[in-house]
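Peer 1: The structure file protein.cif (mmCIF, C-alpha atoms) is provided below.
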data_model
loop_
_atom_site.label_atom_id
_atom_site.label_comp_id
_atom_site.auth_asym_id
_atom_site.auth_seq_id
_atom_site.Cartn_x
_atom_site.Cartn_y
_atom_site.Cartn_z
CA MET A 17 109.60 86.06 157.67
CA GLN A 18 110.18 83.33 155.14
CA ASN A 19 110.95 79.70 155.81
CA LYS A 20 112.78 78.67 152.63
CA SER A 21 116.35 77.54 153.03
CA VAL A 22 118.76 80.32 152.10
CA LYS A 23 122.37 79.85 151.17
CA LEU A 24 124.81 82.52 150.12
CA TYR A 25 128.04 81.77 148.29
CA SER A 26 130.16 84.87 148.68
CA LEU A 27 133.62 86.40 148.90
CA SER A 28 134.82 88.08 152.08
CA THR A 29 136.18 91.00 150.02
CA CYS A 30 133.28 91.68 147.66
CA SER A 31 131.04 94.71 148.13
CA HIS A 32 128.03 93.13 146.38
CA CYS A 33 128.44 90.17 148.74
CA SER A 34 128.51 92.39 151.82
CA SER A 35 125.36 94.18 150.63
CA THR A 36 123.71 90.77 150.27
CA LYS A 37 124.88 89.72 153.74
CA LYS A 38 123.41 92.90 155.18
CA LEU A 39 120.06 92.31 153.47
CA LEU A 40 119.90 88.71 154.70
CA SER A 41 120.87 89.70 158.23
CA GLU A 42 118.00 92.18 158.26
CA CYS A 43 115.34 89.94 156.70
CA VAL A 44 116.15 86.29 157.15
CA VAL A 45 116.40 84.25 160.31
CA ASN A 46 118.14 81.14 159.06
CA TYR A 47 120.72 81.29 156.33
CA LYS A 48 124.09 79.88 155.59
CA ILE A 49 127.04 81.87 154.29
CA VAL A 50 130.09 80.39 152.62
CA ASP A 51 132.97 82.81 151.98
CA VAL A 52 134.68 80.87 149.22
CA ASP A 53 137.88 82.94 149.16
CA LEU A 54 138.56 81.84 152.73
CA LEU A 55 138.36 78.15 151.86
CA GLU A 56 141.37 76.19 150.71
CA GLY A 57 142.24 73.04 148.81
CA ASP A 58 139.66 70.29 148.45
CA GLU A 59 137.05 72.15 150.45
CA ARG A 60 137.21 75.07 148.02
CA LYS A 61 137.15 72.74 145.00
CA ALA A 62 134.08 70.93 146.27
CA ILE A 63 132.17 74.16 146.95
CA LEU A 64 133.13 75.54 143.52
CA GLU A 65 131.69 72.43 141.89
CA ASP A 66 128.44 73.05 143.80
CA ILE A 67 128.37 76.69 142.69
CA LYS A 68 129.09 75.85 139.03
CA LYS A 69 125.97 73.67 138.99
CA LEU A 70 123.92 76.66 140.12
CA ASN A 71 125.79 79.38 138.24
CA PRO A 72 128.19 78.20 135.50
CA ARG A 73 129.98 81.58 135.56
CA CYS A 74 130.80 80.95 139.19
CA SER A 75 130.43 84.61 140.06
CA PHE A 76 129.66 86.10 143.44
CA PRO A 77 127.37 86.47 145.21
CA THR A 78 125.39 83.40 144.19
CA ILE A 79 122.29 83.11 146.31
CA LEU A 80 120.12 80.04 146.64
CA VAL A 81 116.63 80.66 148.01
CA GLY A 82 114.79 77.36 148.14
CA ASN A 83 115.39 76.09 144.59
CA GLN A 84 115.79 79.53 143.08
CA VAL A 85 119.22 80.81 142.10
CA ILE A 86 119.96 84.53 142.04
CA VAL A 87 123.29 85.75 140.72
CA GLY A 88 124.44 89.12 142.01
CA PHE A 89 123.05 91.51 144.59
CA LYS A 90 119.71 92.00 142.88
CA GLU A 91 117.77 93.25 145.82
CA LYS A 92 114.34 93.17 144.20
CA GLN A 93 114.77 89.59 142.99
CA ILE A 94 116.13 88.47 146.33
CA ARG A 95 113.24 90.08 148.21
CA GLU A 96 110.74 88.50 145.83
CA ALA A 97 112.33 85.07 146.23
CA LEU A 98 112.16 85.50 150.00
CA GLY A 99 108.52 86.52 149.75
CA LEU A 100 109.20 89.94 151.25
CA MET B 7 149.80 101.92 152.45
CA ASP B 8 146.36 102.58 153.87
CA ALA B 9 143.10 102.96 151.99
CA ASN B 10 143.14 106.76 152.18
CA LYS B 11 146.58 106.93 150.62
CA LEU B 12 145.58 104.40 147.98
CA TYR B 13 142.53 106.52 147.22
CA GLU B 14 144.63 109.63 146.71
CA ASN B 15 147.20 107.83 144.56
CA LEU B 16 144.66 106.14 142.32
CA LYS B 17 142.47 109.20 141.95
CA LYS B 18 145.41 111.18 140.54
CA VAL B 19 146.12 108.52 137.93
CA GLN B 20 142.63 107.31 137.03
CA GLU B 21 140.54 110.48 136.90
CA PRO B 22 142.48 112.00 134.00
CA LYS B 23 141.72 108.78 132.11
CA GLY B 24 138.00 109.30 132.67
CA TYR B 25 137.60 106.74 135.45
CA TYR B 26 136.12 108.23 138.59
CA PHE B 27 135.58 106.68 141.99
CA ASN B 28 132.00 105.92 142.86
CA ARG B 29 130.67 108.92 144.76
CA ASN B 30 129.54 106.58 147.53
CA MET B 31 132.63 106.79 149.69
CA ASP B 32 131.56 103.90 151.96
CA THR B 33 131.57 101.56 148.95
CA VAL B 34 134.87 102.96 147.69
CA MET B 35 136.67 102.64 151.02
CA GLU B 36 135.31 99.13 151.54
CA LEU B 37 136.63 98.12 148.12
CA LEU B 38 140.00 99.82 148.61
CA GLU B 39 140.40 98.04 151.96
CA ALA B 40 139.55 94.79 150.17
CA LEU B 41 142.19 95.52 147.50
CA LEU B 42 144.74 95.93 150.27
CA VAL B 43 143.61 92.62 151.80
CA ASN B 44 144.18 90.96 148.44
CA LYS B 45 147.56 92.63 148.05
CA GLU B 46 148.55 91.14 151.38
CA ARG B 47 147.01 87.78 150.53
CA TYR B 48 148.21 87.32 146.93
CA GLY B 49 150.92 89.92 146.46
CA TYR B 50 148.83 91.90 143.99
CA MET B 51 145.54 93.75 144.03
CA ALA B 52 143.21 91.15 142.61
CA CYS B 53 139.63 92.27 142.01
CA PRO B 54 137.77 91.95 145.33
CA CYS B 55 134.55 90.92 143.58
CA ARG B 56 136.06 87.89 141.86
CA LEU B 57 137.67 84.74 143.14
CA ALA B 58 141.40 85.02 142.55
CA ASN B 59 143.38 81.91 141.89
CA GLY B 60 146.50 83.20 143.60
CA ASP B 61 148.67 82.79 140.53
CA ARG B 62 149.60 86.17 139.08
CA ASP B 63 149.58 84.96 135.47
CA SER B 64 146.14 83.40 135.60
CA ASP B 65 144.77 86.36 137.59
CA ARG B 66 146.39 88.96 135.33
CA ASP B 67 143.09 90.01 133.70
CA ILE B 68 141.49 90.67 137.10
CA ILE B 69 144.27 92.71 138.68
CA CYS B 70 142.63 96.04 139.46
CA PRO B 71 141.98 97.97 137.28
CA CYS B 72 140.90 94.84 135.46
CA VAL B 73 140.83 94.51 131.68
CA TYR B 74 137.00 94.44 131.82
CA ARG B 75 136.76 97.93 133.33
CA LYS B 76 137.01 99.67 129.96
CA PRO B 77 134.16 97.81 128.22
CA ASP B 78 132.05 97.79 131.42
CA VAL B 79 132.36 101.53 132.00
CA ALA B 80 131.70 102.11 128.28
CA GLU B 81 128.55 99.95 128.35
CA TYR B 82 127.21 100.37 131.90
CA GLY B 83 129.02 103.43 133.22
CA SER B 84 130.59 101.34 135.97
CA CYS B 85 133.08 98.56 136.49
CA TYR B 86 131.89 95.19 137.80
CA CYS B 87 132.54 96.18 141.44
CA ASN B 88 131.09 99.74 141.20
CA LEU B 89 134.50 101.08 142.20
CA TYR B 90 135.31 102.96 139.00
CA VAL B 91 132.50 104.74 137.25
CA SER B 92 131.95 107.38 134.60
CA LYS B 93 131.09 110.97 135.41
CA GLU B 94 127.61 110.36 133.99
CA TRP B 95 127.07 107.39 136.32
CA ASN B 96 128.02 109.48 139.35
CA GLU B 97 125.75 112.27 138.19
CA GLU B 98 122.93 109.74 137.72
CA LYS B 99 122.56 110.74 134.09
CA ILE B 100 122.56 107.04 133.25
CA GLU B 101 120.69 104.20 134.90
CA HIS B 102 122.60 102.23 137.54
CA GLU B 103 122.24 98.77 136.07
CA TYR B 104 123.76 95.76 137.81
CA VAL B 105 126.95 95.09 135.86
CA PRO B 106 127.06 91.45 134.79
CA GLU B 107 130.25 89.41 134.95
CA ARG B 108 132.10 89.83 131.66
CA ARG B 109 135.08 87.62 132.46
CA PRO B 110 134.83 84.44 130.38
CA PRO B 111 134.29 81.43 132.71
CA GLU B 112 137.18 79.57 131.06
CA LYS B 113 139.54 82.23 132.40
CA MET B 114 138.89 80.97 135.87
CA ALA B 115 141.77 78.67 136.60
CA PHE B 116 140.12 76.43 139.14
#
Have the structure of the file written as structure tokens, please.
Peer 2:
Amino acid sequence: MQNKSVKLYSLSTCSHCSSTKKLLSECVVNYKIVDVDLLEGDERKAILEDIKKLNPRCSFPTILVGNQVIVGFKEKQIREALGL
Amino acid sequence: MDANKLYENLKKVQEPKGYYFNRNMDTVMELLEALLVNKERYGYMACPCRLANGDRDSDRDIICPCVYRKPDVAEYGSCYCNLYVSKEWNEEKIEHEYVPERRPPEKMAF
């Protein structure tokens, strides 16, 4: 089990995002998920600004493992970042 | 409209054009359900793998099938979501690469 902070920016409707959620639920104890499509107004705007700093294309899923940013459900990269 | 009906309707129209549903039916049904969620939410079937703006005109390029499907299936054998694929992709005659986002960031109206 890893102890880096893990944050997932996702969409509630996206299949790559749900695959990522599944992987995290199986491997990671503490992680935070933000389903951006379910946010509205200023809250959404603020989160999008955060995501753009990590991933200018603002695509989903965007995964932050410690300081490492992974764009897309790239299982191998995610596992490596998690030290699995 | 439920996802099964949507599947049947789309299959009839898209297969003759050379766009096949991913042979992984779990993925397909999940995505079709998500398209129906977006239809309910926005009034049109915005791509479930992209953040829709909610304005039909600015989301026009990502209404499924999106305008990026053609170049993505031509280059990678699959659309961005892995919903529509080529025959070769389904038959694993080509590598299943992760399809990168092709939509220009400036198209995102937020």
Peer 1: Identify all residues satisfying the PyMOL selection byres ((chain B) within 8 of (chain A)) in the given file; provide them as an NGL selection string.
Peer 2: :B and (33 or 36-37 or 40-41 or 43 or 54-58 or 87 or 104 or 107 or 110-111 or 116)
Peer 1: Please list as number ranges by chain every residue within 10 Å of Glu94 (chain B), counting only C-alpha atoms and excluding residues in the same chain fewer than 4 positions away.
Peer 2: B: 26, 83-84, 98-101
Peer 1: Next, the residues of the selection above should be written as a PDB file, keeping the file's coordinate frame with C-alpha atoms.
Peer 2:
ATOM      1  CA  TYR B  26     136.120 108.230 138.590  1.00  0.00           C
ATOM      2  CA  GLY B  83     129.020 103.430 133.220  1.00  0.00           C
ATOM      3  CA  SER B  84     130.590 101.340 135.970  1.00  0.00           C
ATOM      4  CA  GLU B  98     122.930 109.740 137.720  1.00  0.00           C
ATOM      5  CA  LYS B  99     122.560 110.740 134.090  1.00  0.00           C
ATOM      6  CA  ILE B 100     122.560 107.040 133.250  1.00  0.00           C
ATOM      7  CA  GLU B 101     120.690 104.200 134.900  1.00  0.00           C
TER       8      GLU B 101
END
Peer 1: Could you tell me how far CA of Lys76 (chain B) sits from CA of Leu16 (chain B), in Å to one decimal place?
Peer 2: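 Calculated distance between CA of Leu16 (chain B) and CA of Lys76 (chain B) is 15.9 Å.
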Peer 1: Nearest to Tyr50 (chain B) among B:Val73, B:Met114, B:Ile68, B:Met31, with distances taken over all atoms listed in the file: which residue is it?
Peer 2: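 So, comparing all the options, the nearest one is B:Ile68.
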Peer 1: Rounded to one decimal, what separation in Å do you get between CA of Val34 (chain B) and CA of Thr78 (chain A)?
Peer 2: 22.0 Å
Peer 1: Let me have the centre and edge lengths of the axis-aligned box enclosing all listed atoms of region 38-56 of chain B with 3 Å padding on every side, in Å to one decimal, as lines of an AutoDock Vina configuration file.
Peer 2:
center_x = 142.7
center_y = 93.6
center_z = 146.9
size_x = 22.4
size_y = 18.5
size_z = 16.1
